[in-house]
Amino acid sequence: MRVNENILISSLTTMRLGGPARYVIEVESPRDVADAYGFARTFNLPVFVLGYGANTIGHDEGFNGIIMINRMRGITEEPTANGVQLKIMGGEYWDNVVEYSTNKGLTGIEALSKIPGLAGAAPVQNIGAYGQEIADTLVSIEVYDTASGTFRTLTHDELGFSYRHSILNTTEYGRYFVISITIKLQPGQMQRPFYNSIETYIDENGLTDFSPASMRAIVSAIRADKLPDPTEKASAGSFFKNIYISEAEAEIAGDKGYPVHRGNDGIKISSAWLIEQCKLKGKLLHGFRVNEKAPLVLINESATSYQDLDKARAEIINKVYDKFGYWLEQEPVEIG
Ligand code: EPU
């Protein structure tokens, strides 16, 4: 285990905001995890578990506690009756897992290509894109349970998955440290109809190969075109969530002429559309650029403080509320 002191949160997160964290502990074994929580208890310090920092925002005053980062890596494979189970250590970079599986012709997570982050963080917010989410293939996870001080297995059904949520970021927030995740994949490919943007890309490019490797290439190309690479431009991915609504609300929205999307994950109003209608696309607000092609993404061009984010966020949320009566909700979590 490596213990570092006074590390700027801005250097650990892709939005590049945030003052110093008192301790940053990099854990390299399950034993380290237990020891790090022991250290936290002894000194009565709060713990925040960070992954790649792609969905996390730091505050200006920093964090008077311990940031824990999972450095355990590796993928192990076990055959099942109709495919394979992959056990992935939580510190593995998520996109390596997608590359590994698509190279073997396995379907299940190919649409989750190029999502920045670590494997251990994937179930926490139930990462999803282009019609797939990690909940579809996840079998179980291994965790350290801080409530009992023991290592446990939590099954898919115990994790209570929904859009961008699981018990890990809601009812049991902060209780479990994800050591590894186990997913189940099969040979095969995704079935049509695909998500709109994929169908459009396929038509425009005359594509007919929908194998996992090809789908990975398609999704990667679509994402590269519209989503900024967090290693090049500071951002936290989608900053706002889409708005999921009931059938009754959908009828009202439809009557008003708002576009309503129905998918197997529910009915939603696209927040990107709401922001676009407010003429905010491409706008620079307090150092944050509302991304032109994917307006859910805020790019930190010149902001150096959380105060700036607070102002930019309020402006967007209020504009959308004034015009449409919907409150946008933030997707990234905040430290402290
Ligand atoms: N749209 C507009 N105006 C725009 C852009 C999009 O009206 O300027 C509409 C499109 O017509 C489309 C809808 O918005 O029907 C959805 O757009 P898109 O498919 O691009 O996805 P999104 O809703 O903006 C979500 C996820 C992304 C994920 C994509 C692809 C959330 C908050 N975001 O974005 O996830 O990659 O779908 O599945 O659910 C992330 O979480 O960081 C992230 C990038």
# chains A, B, ... in the order shown; residues from 1 in each chain; ligands from 1

call {"tool": "residues_around", "arguments": {"residues": "Gln277 (chain A)", "least_positions_apart": "2", "cutoff": "10 Å", "atoms": "only C-alpha atoms", "output": "JSON, numbers by chain"}}
result
{"A": [271, 272, 273, 274, 275, 279, 280, 281, 319, 320, 323, 324]}

call {"tool": "write_last_selection", "arguments": {"atoms": "N, CA and C atoms", "output": "mmCIF file, in the first residue's frame"}}
result
data_model
loop_
_atom_site.group_PDB
_atom_site.id
_atom_site.type_symbol
_atom_site.label_atom_id
_atom_site.label_comp_id
_atom_site.auth_asym_id
_atom_site.auth_seq_id
_atom_site.Cartn_x
_atom_site.Cartn_y
_atom_site.Cartn_z
ATOM 1 N N SER A 271 -31.978 15.221 -22.038
ATOM 2 C CA SER A 271 -31.499 16.466 -21.447
ATOM 3 C C SER A 271 -30.675 17.259 -22.449
ATOM 4 N N ALA A 272 -30.017 16.552 -23.367
ATOM 5 C CA ALA A 272 -29.246 17.237 -24.419
ATOM 6 C C ALA A 272 -30.188 18.114 -25.248
ATOM 7 N N TRP A 273 -31.367 17.595 -25.534
ATOM 8 C CA TRP A 273 -32.352 18.362 -26.311
ATOM 9 C C TRP A 273 -32.799 19.605 -25.539
ATOM 10 N N LEU A 274 -33.072 19.428 -24.255
ATOM 11 C CA LEU A 274 -33.514 20.566 -23.428
ATOM 12 C C LEU A 274 -32.457 21.670 -23.433
ATOM 13 N N ILE A 275 -31.197 21.272 -23.274
ATOM 14 C CA ILE A 275 -30.102 22.248 -23.226
ATOM 15 C C ILE A 275 -29.946 22.932 -24.583
ATOM 16 N N LYS A 279 -30.583 27.169 -26.203
ATOM 17 C CA LYS A 279 -29.500 27.853 -26.943
ATOM 18 C C LYS A 279 -28.207 27.921 -26.135
ATOM 19 N N LEU A 280 -27.940 26.852 -25.431
ATOM 20 C CA LEU A 280 -26.730 26.833 -24.600
ATOM 21 C C LEU A 280 -25.583 26.059 -25.250
ATOM 22 N N LYS A 281 -25.874 25.353 -26.343
ATOM 23 C CA LYS A 281 -24.815 24.566 -26.997
ATOM 24 C C LYS A 281 -23.652 25.451 -27.410
ATOM 25 N N LYS A 319 -32.071 27.886 -16.532
ATOM 26 C CA LYS A 319 -32.598 28.152 -17.882
ATOM 27 C C LYS A 319 -33.545 27.040 -18.318
ATOM 28 N N VAL A 320 -33.097 25.793 -18.103
ATOM 29 C CA VAL A 320 -33.917 24.647 -18.517
ATOM 30 C C VAL A 320 -35.214 24.609 -17.701
ATOM 31 N N LYS A 323 -37.696 27.350 -18.861
ATOM 32 C CA LYS A 323 -38.292 27.122 -20.180
ATOM 33 C C LYS A 323 -39.195 25.884 -20.200
ATOM 34 N N PHE A 324 -38.774 24.834 -19.477
ATOM 35 C CA PHE A 324 -39.493 23.555 -19.610
ATOM 36 C C PHE A 324 -40.112 23.008 -18.333
#

call {"tool": "closest_atom_pairs", "arguments": {"of": "chain A", "to": "ligand 1", "cutoff": "8 Å", "atoms": "only C-alpha atoms and all ligand atoms", "output": "JSON lines"}}
result
{"residue": "A:Asn55", "atom": "CA", "partner": "ligand 1", "partner_atom_place_in_ligand_line": "42 (O)", "distance": 7.4}
{"residue": "A:Leu112", "atom": "CA", "partner": "ligand 1", "partner_atom_place_in_ligand_line": "36 (O)", "distance": 7.9}
{"residue": "A:Ile115", "atom": "CA", "partner": "ligand 1", "partner_atom_place_in_ligand_line": "44 (C)", "distance": 7.3}
{"residue": "A:Ile127", "atom": "CA", "partner": "ligand 1", "partner_atom_place_in_ligand_line": "41 (O)", "distance": 6.9}
{"residue": "A:Gly128", "atom": "CA", "partner": "ligand 1", "partner_atom_place_in_ligand_line": "35 (O)", "distance": 6.5}
{"residue": "A:Ala129", "atom": "CA", "partner": "ligand 1", "partner_atom_place_in_ligand_line": "38 (O)", "distance": 3.2}
{"residue": "A:Tyr130", "atom": "CA", "partner": "ligand 1", "partner_atom_place_in_ligand_line": "38 (O)", "distance": 3.6}
{"residue": "A:Gly131", "atom": "CA", "partner": "ligand 1", "partner_atom_place_in_ligand_line": "38 (O)", "distance": 6.3}
{"residue": "A:Gln132", "atom": "CA", "partner": "ligand 1", "partner_atom_place_in_ligand_line": "38 (O)", "distance": 7.9}
{"residue": "A:Tyr163", "atom": "CA", "partner": "ligand 1", "partner_atom_place_in_ligand_line": "39 (O)", "distance": 7.9}
{"residue": "A:Arg164", "atom": "CA", "partner": "ligand 1", "partner_atom_place_in_ligand_line": "39 (O)", "distance": 7.5}
{"residue": "A:Tyr195", "atom": "CA", "partner": "ligand 1", "partner_atom_place_in_ligand_line": "19 (O)", "distance": 7.4}
{"residue": "A:Asn196", "atom": "CA", "partner": "ligand 1", "partner_atom_place_in_ligand_line": "19 (O)", "distance": 7.0}
{"residue": "A:Ser197", "atom": "CA", "partner": "ligand 1", "partner_atom_place_in_ligand_line": "19 (O)", "distance": 6.0}
{"residue": "A:Arg223", "atom": "CA", "partner": "ligand 1", "partner_atom_place_in_ligand_line": "36 (O)", "distance": 7.2}
{"residue": "A:Lys226", "atom": "CA", "partner": "ligand 1", "partner_atom_place_in_ligand_line": "20 (O)", "distance": 7.9}
{"residue": "A:Leu227", "atom": "CA", "partner": "ligand 1", "partner_atom_place_in_ligand_line": "44 (C)", "distance": 6.9}
{"residue": "A:Ala236", "atom": "CA", "partner": "ligand 1", "partner_atom_place_in_ligand_line": "42 (O)", "distance": 6.8}
{"residue": "A:Gly237", "atom": "CA", "partner": "ligand 1", "partner_atom_place_in_ligand_line": "42 (O)", "distance": 3.6}
{"residue": "A:Ser238", "atom": "CA", "partner": "ligand 1", "partner_atom_place_in_ligand_line": "42 (O)", "distance": 3.7}
{"residue": "A:Phe239", "atom": "CA", "partner": "ligand 1", "partner_atom_place_in_ligand_line": "42 (O)", "distance": 6.9}
{"residue": "A:Phe240", "atom": "CA", "partner": "ligand 1", "partner_atom_place_in_ligand_line": "32 (C)", "distance": 5.6}
{"residue": "A:Lys241", "atom": "CA", "partner": "ligand 1", "partner_atom_place_in_ligand_line": "32 (C)", "distance": 3.8}
{"residue": "A:Asn242", "atom": "CA", "partner": "ligand 1", "partner_atom_place_in_ligand_line": "32 (C)", "distance": 5.1}
{"residue": "A:His261", "atom": "CA", "partner": "ligand 1", "partner_atom_place_in_ligand_line": "15 (O)", "distance": 7.0}
{"residue": "A:Ser270", "atom": "CA", "partner": "ligand 1", "partner_atom_place_in_ligand_line": "14 (O)", "distance": 4.8}
{"residue": "A:Ser271", "atom": "CA", "partner": "ligand 1", "partner_atom_place_in_ligand_line": "14 (O)", "distance": 6.8}
{"residue": "A:Ala272", "atom": "CA", "partner": "ligand 1", "partner_atom_place_in_ligand_line": "2 (C)", "distance": 4.7}
{"residue": "A:Trp273", "atom": "CA", "partner": "ligand 1", "partner_atom_place_in_ligand_line": "7 (O)", "distance": 3.3}
{"residue": "A:Leu274", "atom": "CA", "partner": "ligand 1", "partner_atom_place_in_ligand_line": "7 (O)", "distance": 7.1}
{"residue": "A:Ile275", "atom": "CA", "partner": "ligand 1", "partner_atom_place_in_ligand_line": "3 (N)", "distance": 7.7}
{"residue": "A:Glu276", "atom": "CA", "partner": "ligand 1", "partner_atom_place_in_ligand_line": "3 (N)", "distance": 5.7}
{"residue": "A:Lys281", "atom": "CA", "partner": "ligand 1", "partner_atom_place_in_ligand_line": "8 (O)", "distance": 7.2}
{"residue": "A:Glu292", "atom": "CA", "partner": "ligand 1", "partner_atom_place_in_ligand_line": "8 (O)", "distance": 6.9}
{"residue": "A:Lys293", "atom": "CA", "partner": "ligand 1", "partner_atom_place_in_ligand_line": "8 (O)", "distance": 5.5}
{"residue": "A:Ala294", "atom": "CA", "partner": "ligand 1", "partner_atom_place_in_ligand_line": "5 (C)", "distance": 5.2}
{"residue": "A:Pro295", "atom": "CA", "partner": "ligand 1", "partner_atom_place_in_ligand_line": "8 (O)", "distance": 5.5}
{"residue": "A:Leu296", "atom": "CA", "partner": "ligand 1", "partner_atom_place_in_ligand_line": "24 (O)", "distance": 5.8}
{"residue": "A:Val297", "atom": "CA", "partner": "ligand 1", "partner_atom_place_in_ligand_line": "44 (C)", "distance": 7.5}
{"residue": "A:Glu331", "atom": "CA", "partner": "ligand 1", "partner_atom_place_in_ligand_line": "32 (C)", "distance": 6.7}

call {"tool": "write_last_selection", "arguments": {"atoms": "C-alpha atoms", "output": "short mmCIF file (atom, residue, chain, number, x, y, z; two decimals), in the first residue's frame"}}
result
data_model
loop_
_atom_site.label_atom_id
_atom_site.label_comp_id
_atom_site.auth_asym_id
_atom_site.auth_seq_id
_atom_site.Cartn_x
_atom_site.Cartn_y
_atom_site.Cartn_z
CA ASN A 55 -16.96 11.00 -12.87
CA LEU A 112 -19.56 0.16 -23.37
CA ILE A 115 -16.11 4.70 -21.22
CA ILE A 127 -22.36 2.45 -16.50
CA GLY A 128 -24.41 2.39 -19.68
CA ALA A 129 -24.24 3.43 -23.31
CA TYR A 130 -25.91 2.58 -26.62
CA GLY A 131 -28.44 0.21 -25.14
CA GLN A 132 -26.15 -1.82 -22.89
CA TYR A 163 -30.38 3.89 -14.50
CA ARG A 164 -26.97 5.13 -13.24
CA TYR A 195 -29.49 2.64 -30.66
CA ASN A 196 -30.38 5.48 -33.09
CA SER A 197 -26.91 6.94 -33.39
CA ARG A 223 -17.80 8.59 -29.19
CA LYS A 226 -18.89 13.74 -30.17
CA LEU A 227 -17.44 13.16 -26.71
CA ALA A 236 -16.43 14.56 -16.30
CA GLY A 237 -18.33 12.93 -19.17
CA SER A 238 -22.06 13.57 -19.18
CA PHE A 239 -22.48 16.22 -16.52
CA PHE A 240 -26.28 15.98 -16.51
CA LYS A 241 -28.47 12.90 -16.46
CA ASN A 242 -31.32 12.30 -18.83
CA HIS A 261 -37.73 8.51 -26.17
CA SER A 270 -33.26 13.90 -23.60
CA SER A 271 -31.50 16.47 -21.45
CA ALA A 272 -29.25 17.24 -24.42
CA TRP A 273 -32.35 18.36 -26.31
CA LEU A 274 -33.51 20.57 -23.43
CA ILE A 275 -30.10 22.25 -23.23
CA GLU A 276 -29.98 22.68 -27.00
CA LYS A 281 -24.82 24.57 -27.00
CA GLU A 292 -21.23 21.48 -29.04
CA LYS A 293 -21.90 17.91 -30.19
CA ALA A 294 -22.83 16.37 -26.84
CA PRO A 295 -24.30 19.19 -24.75
CA LEU A 296 -24.59 17.01 -21.65
CA VAL A 297 -20.83 17.35 -21.36
CA GLU A 331 -24.38 12.90 -12.84
#

call {"tool": "atom_distance", "arguments": {"atom1": "CA of Asp322 (chain A)", "atom2": "CA of Arg289 (chain A)"}}
result
20.8 Å

call {"tool": "select_by_dssp", "arguments": {"residues": "region 4-178 of chain A", "states": "strand (DSSP E or B)", "output": "ChimeraX atom specification"}}
result
/A:4-8,20-27,47-50,56-57,63-70,75-80,83-89,93,106-107,118,128-129,132-133,138-145,150-155,162,165,176-178

call {"tool": "closest_residue", "arguments": {"among": "A:Ser162, A:Asp308, A:Lys114, A:Thr182", "to": "Ala221 (chain A)", "atoms": "only C-alpha atoms"}}
result
A:Lys114

call {"tool": "closest_residue", "arguments": {"among": "A:Ser302, A:Ser29, A:Asn169, A:Thr155", "to": "Asn70 (chain A)", "atoms": "only C-alpha atoms"}}
result
A:Ser29

call {"tool": "select_by_dssp", "arguments": {"residues": "region 4-105 of chain A", "states": "helix (DSSP H, G or I)", "output": "VMD selection string"}}
result
chain A and resid 9 to 11 30 to 42 94 to 103

call {"tool": "residues_around", "arguments": {"residues": "Gly108 (chain A)", "least_positions_apart": "3", "cutoff": "8 Å", "atoms": "only C-alpha atoms", "output": "list in words"}}
result
Ala111, Gln132, Asp136, Thr137, Lys184, Leu185, Gln186, Gln189 and Met190 of chain A

call {"tool": "write_last_selection", "arguments": {"atoms": "all heavy atoms", "output": "mmCIF file, in the first residue's frame"}}
result
data_model
loop_
_atom_site.group_PDB
_atom_site.id
_atom_site.type_symbol
_atom_site.label_atom_id
_atom_site.label_comp_id
_atom_site.auth_asym_id
_atom_site.auth_seq_id
_atom_site.Cartn_x
_atom_site.Cartn_y
_atom_site.Cartn_z
ATOM 1 N N ALA A 111 -20.766 -2.305 -26.445
ATOM 2 C CA ALA A 111 -21.292 -0.936 -26.580
ATOM 3 C C ALA A 111 -20.765 -0.027 -25.465
ATOM 4 O O ALA A 111 -20.956 1.181 -25.506
ATOM 5 C CB ALA A 111 -22.815 -0.951 -26.569
ATOM 6 N N GLN A 132 -26.641 -0.824 -23.843
ATOM 7 C CA GLN A 132 -26.146 -1.824 -22.893
ATOM 8 C C GLN A 132 -25.834 -1.137 -21.572
ATOM 9 O O GLN A 132 -25.507 0.044 -21.540
ATOM 10 C CB GLN A 132 -24.844 -2.483 -23.390
ATOM 11 C CG GLN A 132 -25.036 -3.465 -24.521
ATOM 12 C CD GLN A 132 -23.707 -4.091 -24.954
ATOM 13 O OE1 GLN A 132 -22.620 -3.620 -24.608
ATOM 14 N NE2 GLN A 132 -23.805 -5.157 -25.732
ATOM 15 N N ASP A 136 -26.530 -5.719 -17.210
ATOM 16 C CA ASP A 136 -26.995 -6.801 -18.098
ATOM 17 C C ASP A 136 -26.105 -8.042 -18.017
ATOM 18 O O ASP A 136 -26.565 -9.154 -18.309
ATOM 19 C CB ASP A 136 -27.017 -6.339 -19.560
ATOM 20 C CG ASP A 136 -27.884 -5.112 -19.770
ATOM 21 O OD1 ASP A 136 -28.802 -4.888 -18.953
ATOM 22 O OD2 ASP A 136 -27.636 -4.379 -20.752
ATOM 23 N N THR A 137 -24.840 -7.870 -17.709
ATOM 24 C CA THR A 137 -23.903 -9.001 -17.735
ATOM 25 C C THR A 137 -23.279 -9.298 -16.371
ATOM 26 O O THR A 137 -22.612 -10.312 -16.220
ATOM 27 C CB THR A 137 -22.741 -8.721 -18.718
ATOM 28 O OG1 THR A 137 -22.138 -7.485 -18.357
ATOM 29 C CG2 THR A 137 -23.235 -8.645 -20.149
ATOM 30 N N LYS A 184 -20.581 -12.095 -17.087
ATOM 31 C CA LYS A 184 -20.819 -13.277 -17.908
ATOM 32 C C LYS A 184 -21.031 -12.829 -19.349
ATOM 33 O O LYS A 184 -21.897 -12.005 -19.626
ATOM 34 C CB LYS A 184 -22.078 -13.970 -17.383
ATOM 35 C CG LYS A 184 -22.238 -15.391 -17.847
ATOM 36 C CD LYS A 184 -23.087 -16.198 -16.883
ATOM 37 C CE LYS A 184 -24.558 -16.067 -17.157
ATOM 38 N NZ LYS A 184 -25.385 -16.720 -16.149
ATOM 39 N N LEU A 185 -20.222 -13.362 -20.261
ATOM 40 C CA LEU A 185 -20.317 -12.986 -21.676
ATOM 41 C C LEU A 185 -20.474 -14.236 -22.534
ATOM 42 O O LEU A 185 -20.139 -15.341 -22.098
ATOM 43 C CB LEU A 185 -19.059 -12.223 -22.105
ATOM 44 C CG LEU A 185 -18.704 -10.973 -21.278
ATOM 45 C CD1 LEU A 185 -17.366 -10.399 -21.741
ATOM 46 C CD2 LEU A 185 -19.796 -9.925 -21.386
ATOM 47 N N GLN A 186 -20.974 -14.016 -23.758
ATOM 48 C CA GLN A 186 -21.181 -15.149 -24.670
ATOM 49 C C GLN A 186 -20.628 -14.834 -26.048
ATOM 50 O O GLN A 186 -20.582 -13.666 -26.424
ATOM 51 C CB GLN A 186 -22.687 -15.407 -24.854
ATOM 52 C CG GLN A 186 -23.374 -15.874 -23.625
ATOM 53 C CD GLN A 186 -24.883 -15.868 -23.779
ATOM 54 O OE1 GLN A 186 -25.411 -15.531 -24.838
ATOM 55 N NE2 GLN A 186 -25.561 -16.253 -22.726
ATOM 56 N N GLN A 189 -23.384 -11.627 -31.072
ATOM 57 C CA GLN A 189 -23.344 -10.199 -31.362
ATOM 58 C C GLN A 189 -24.641 -9.524 -30.954
ATOM 59 O O GLN A 189 -25.643 -10.188 -30.717
ATOM 60 C CB GLN A 189 -23.052 -9.957 -32.844
ATOM 61 C CG GLN A 189 -24.076 -10.544 -33.788
ATOM 62 C CD GLN A 189 -23.672 -10.360 -35.244
ATOM 63 O OE1 GLN A 189 -22.514 -10.561 -35.603
ATOM 64 N NE2 GLN A 189 -24.627 -9.976 -36.081
ATOM 65 N N MET A 190 -24.640 -8.208 -30.890
ATOM 66 C CA MET A 190 -25.828 -7.435 -30.533
ATOM 67 C C MET A 190 -26.867 -7.568 -31.644
ATOM 68 O O MET A 190 -26.525 -7.715 -32.810
ATOM 69 C CB MET A 190 -25.471 -5.955 -30.339
ATOM 70 C CG MET A 190 -24.729 -5.677 -29.052
ATOM 71 S SD MET A 190 -24.065 -3.992 -28.985
ATOM 72 C CE MET A 190 -25.566 -3.024 -28.792
#

call {"tool": "residues_around", "arguments": {"residues": "Gly65 (chain A)", "least_positions_apart": "2", "cutoff": "8 Å", "atoms": "only C-alpha atoms", "output": "ChimeraX atom specification"}}
result
/A:21-23,40,45-48,63,67

call {"tool": "write_last_selection", "arguments": {"atoms": "N, CA and C atoms", "output": "compact mmCIF listing (two decimals), in the first residue's frame"}}
result
# COMPACT_ATOMS: atom_id res chain seq x y z
N ALA A 21 -6.13 16.67 -0.94
CA ALA A 21 -6.64 15.59 -0.10
C ALA A 21 -5.55 15.30 0.92
N ARG A 22 -5.95 15.12 2.18
CA ARG A 22 -4.95 14.90 3.23
C ARG A 22 -4.15 13.63 2.96
N TYR A 23 -4.84 12.53 2.65
CA TYR A 23 -4.15 11.28 2.31
C TYR A 23 -4.73 10.69 1.02
N ALA A 40 -8.17 4.58 8.78
CA ALA A 40 -9.21 5.62 8.79
C ALA A 40 -9.96 5.63 10.12
N LEU A 45 -10.99 9.42 10.24
CA LEU A 45 -11.00 10.17 8.99
C LEU A 45 -12.02 9.58 8.01
N PRO A 46 -12.75 10.44 7.29
CA PRO A 46 -13.67 9.92 6.28
C PRO A 46 -12.89 9.34 5.09
N VAL A 47 -13.51 8.37 4.41
CA VAL A 47 -12.88 7.72 3.25
C VAL A 47 -13.72 8.02 2.00
N PHE A 48 -13.03 8.34 0.93
CA PHE A 48 -13.70 8.46 -0.36
C PHE A 48 -12.98 7.53 -1.32
N PHE A 63 -10.10 17.84 0.73
CA PHE A 63 -10.78 16.77 1.48
C PHE A 63 -9.92 16.39 2.67
N ILE A 67 -8.47 9.48 0.46
CA ILE A 67 -8.96 9.02 -0.84
C ILE A 67 -8.29 7.69 -1.10

call {"tool": "closest_residue", "arguments": {"among": "A:Ser113, A:Tyr37, A:Val24, A:Ile183", "to": "Gln85 (chain A)", "atoms": "only C-alpha atoms"}}
result
A:Ile183

call {"tool": "residues_around", "arguments": {"residues": "Leu285 (chain A)", "least_positions_apart": "3", "cutoff": "10 Å", "atoms": "only C-alpha atoms", "output": "compact mmCIF listing (two decimals) with N, CA and C atoms, in the first residue's frame"}}
result
# COMPACT_ATOMS: atom_id res chain seq x y z
N LEU A 280 -27.94 26.85 -25.43
CA LEU A 280 -26.73 26.83 -24.60
C LEU A 280 -25.58 26.06 -25.25
N GLY A 282 -22.45 25.03 -27.08
CA GLY A 282 -21.26 25.77 -27.49
C GLY A 282 -20.97 27.00 -26.65
N PHE A 288 -16.54 27.17 -18.33
CA PHE A 288 -16.99 25.85 -18.80
C PHE A 288 -17.69 25.97 -20.14
N ARG A 289 -17.28 25.13 -21.08
CA ARG A 289 -17.89 25.12 -22.41
C ARG A 289 -18.97 24.04 -22.44
N VAL A 290 -20.18 24.42 -22.84
CA VAL A 290 -21.22 23.42 -23.08
C VAL A 290 -20.86 22.77 -24.42
N LEU A 298 -19.85 19.10 -20.00
CA LEU A 298 -19.26 20.42 -19.76
C LEU A 298 -17.75 20.26 -19.81
N ASN A 300 -14.13 21.82 -19.00
CA ASN A 300 -13.46 22.85 -18.20
C ASN A 300 -12.33 23.45 -19.03
N GLU A 301 -12.62 24.60 -19.62
CA GLU A 301 -11.60 25.24 -20.48
C GLU A 301 -10.66 26.11 -19.66
N ALA A 303 -11.72 27.22 -16.05
CA ALA A 303 -12.13 27.40 -14.65
C ALA A 303 -11.10 26.77 -13.72
N ASP A 308 -16.82 28.46 -9.84
CA ASP A 308 -17.16 28.68 -11.25
C ASP A 308 -18.13 27.60 -11.74
N LEU A 309 -17.87 26.38 -11.32
CA LEU A 309 -18.75 25.28 -11.73
C LEU A 309 -20.14 25.50 -11.17
N LYS A 311 -21.62 28.23 -10.52
CA LYS A 311 -22.32 29.29 -11.26
C LYS A 311 -22.78 28.78 -12.63
N ALA A 312 -21.88 28.08 -13.32
CA ALA A 312 -22.22 27.58 -14.66
C ALA A 312 -23.39 26.60 -14.57
N ARG A 313 -23.30 25.70 -13.61
CA ARG A 313 -24.34 24.69 -13.41
C ARG A 313 -25.69 25.35 -13.11
N GLU A 315 -26.72 28.29 -13.88
CA GLU A 315 -27.25 28.97 -15.06
C GLU A 315 -27.97 28.00 -15.99
N ILE A 316 -27.35 26.84 -16.21
CA ILE A 316 -27.94 25.85 -17.12
C ILE A 316 -29.23 25.28 -16.52

call {"tool": "residues_around", "arguments": {"residues": "Gly74 (chain A)", "least_positions_apart": "3", "cutoff": "8 Å", "atoms": "only C-alpha atoms", "output": "PyMOL selection string"}}
result
chain A and resi 88-89+92

call {"tool": "write_last_selection", "arguments": {"atoms": "N, CA, C and O atoms", "output": "PDB file, in the first residue's frame"}}
result
ATOM      1  N   ILE A  88     -12.696  -9.644 -12.971  1.00  0.00           N
ATOM      2  CA  ILE A  88     -11.833  -8.499 -13.259  1.00  0.00           C
ATOM      3  C   ILE A  88     -11.534  -7.769 -11.953  1.00  0.00           C
ATOM      4  O   ILE A  88     -12.455  -7.390 -11.221  1.00  0.00           O
ATOM      5  N   MET A  89     -10.264  -7.543 -11.686  1.00  0.00           N
ATOM      6  CA  MET A  89      -9.900  -6.801 -10.476  1.00  0.00           C
ATOM      7  C   MET A  89     -10.338  -5.336 -10.645  1.00  0.00           C
ATOM      8  O   MET A  89     -10.266  -4.775 -11.747  1.00  0.00           O
ATOM      9  N   GLU A  92      -8.526  -2.532 -12.669  1.00  0.00           N
ATOM     10  CA  GLU A  92      -8.286  -2.680 -14.117  1.00  0.00           C
ATOM     11  C   GLU A  92      -8.991  -1.542 -14.847  1.00  0.00           C
ATOM     12  O   GLU A  92     -10.102  -1.167 -14.488  1.00  0.00           O
TER      13      GLU A  92
END
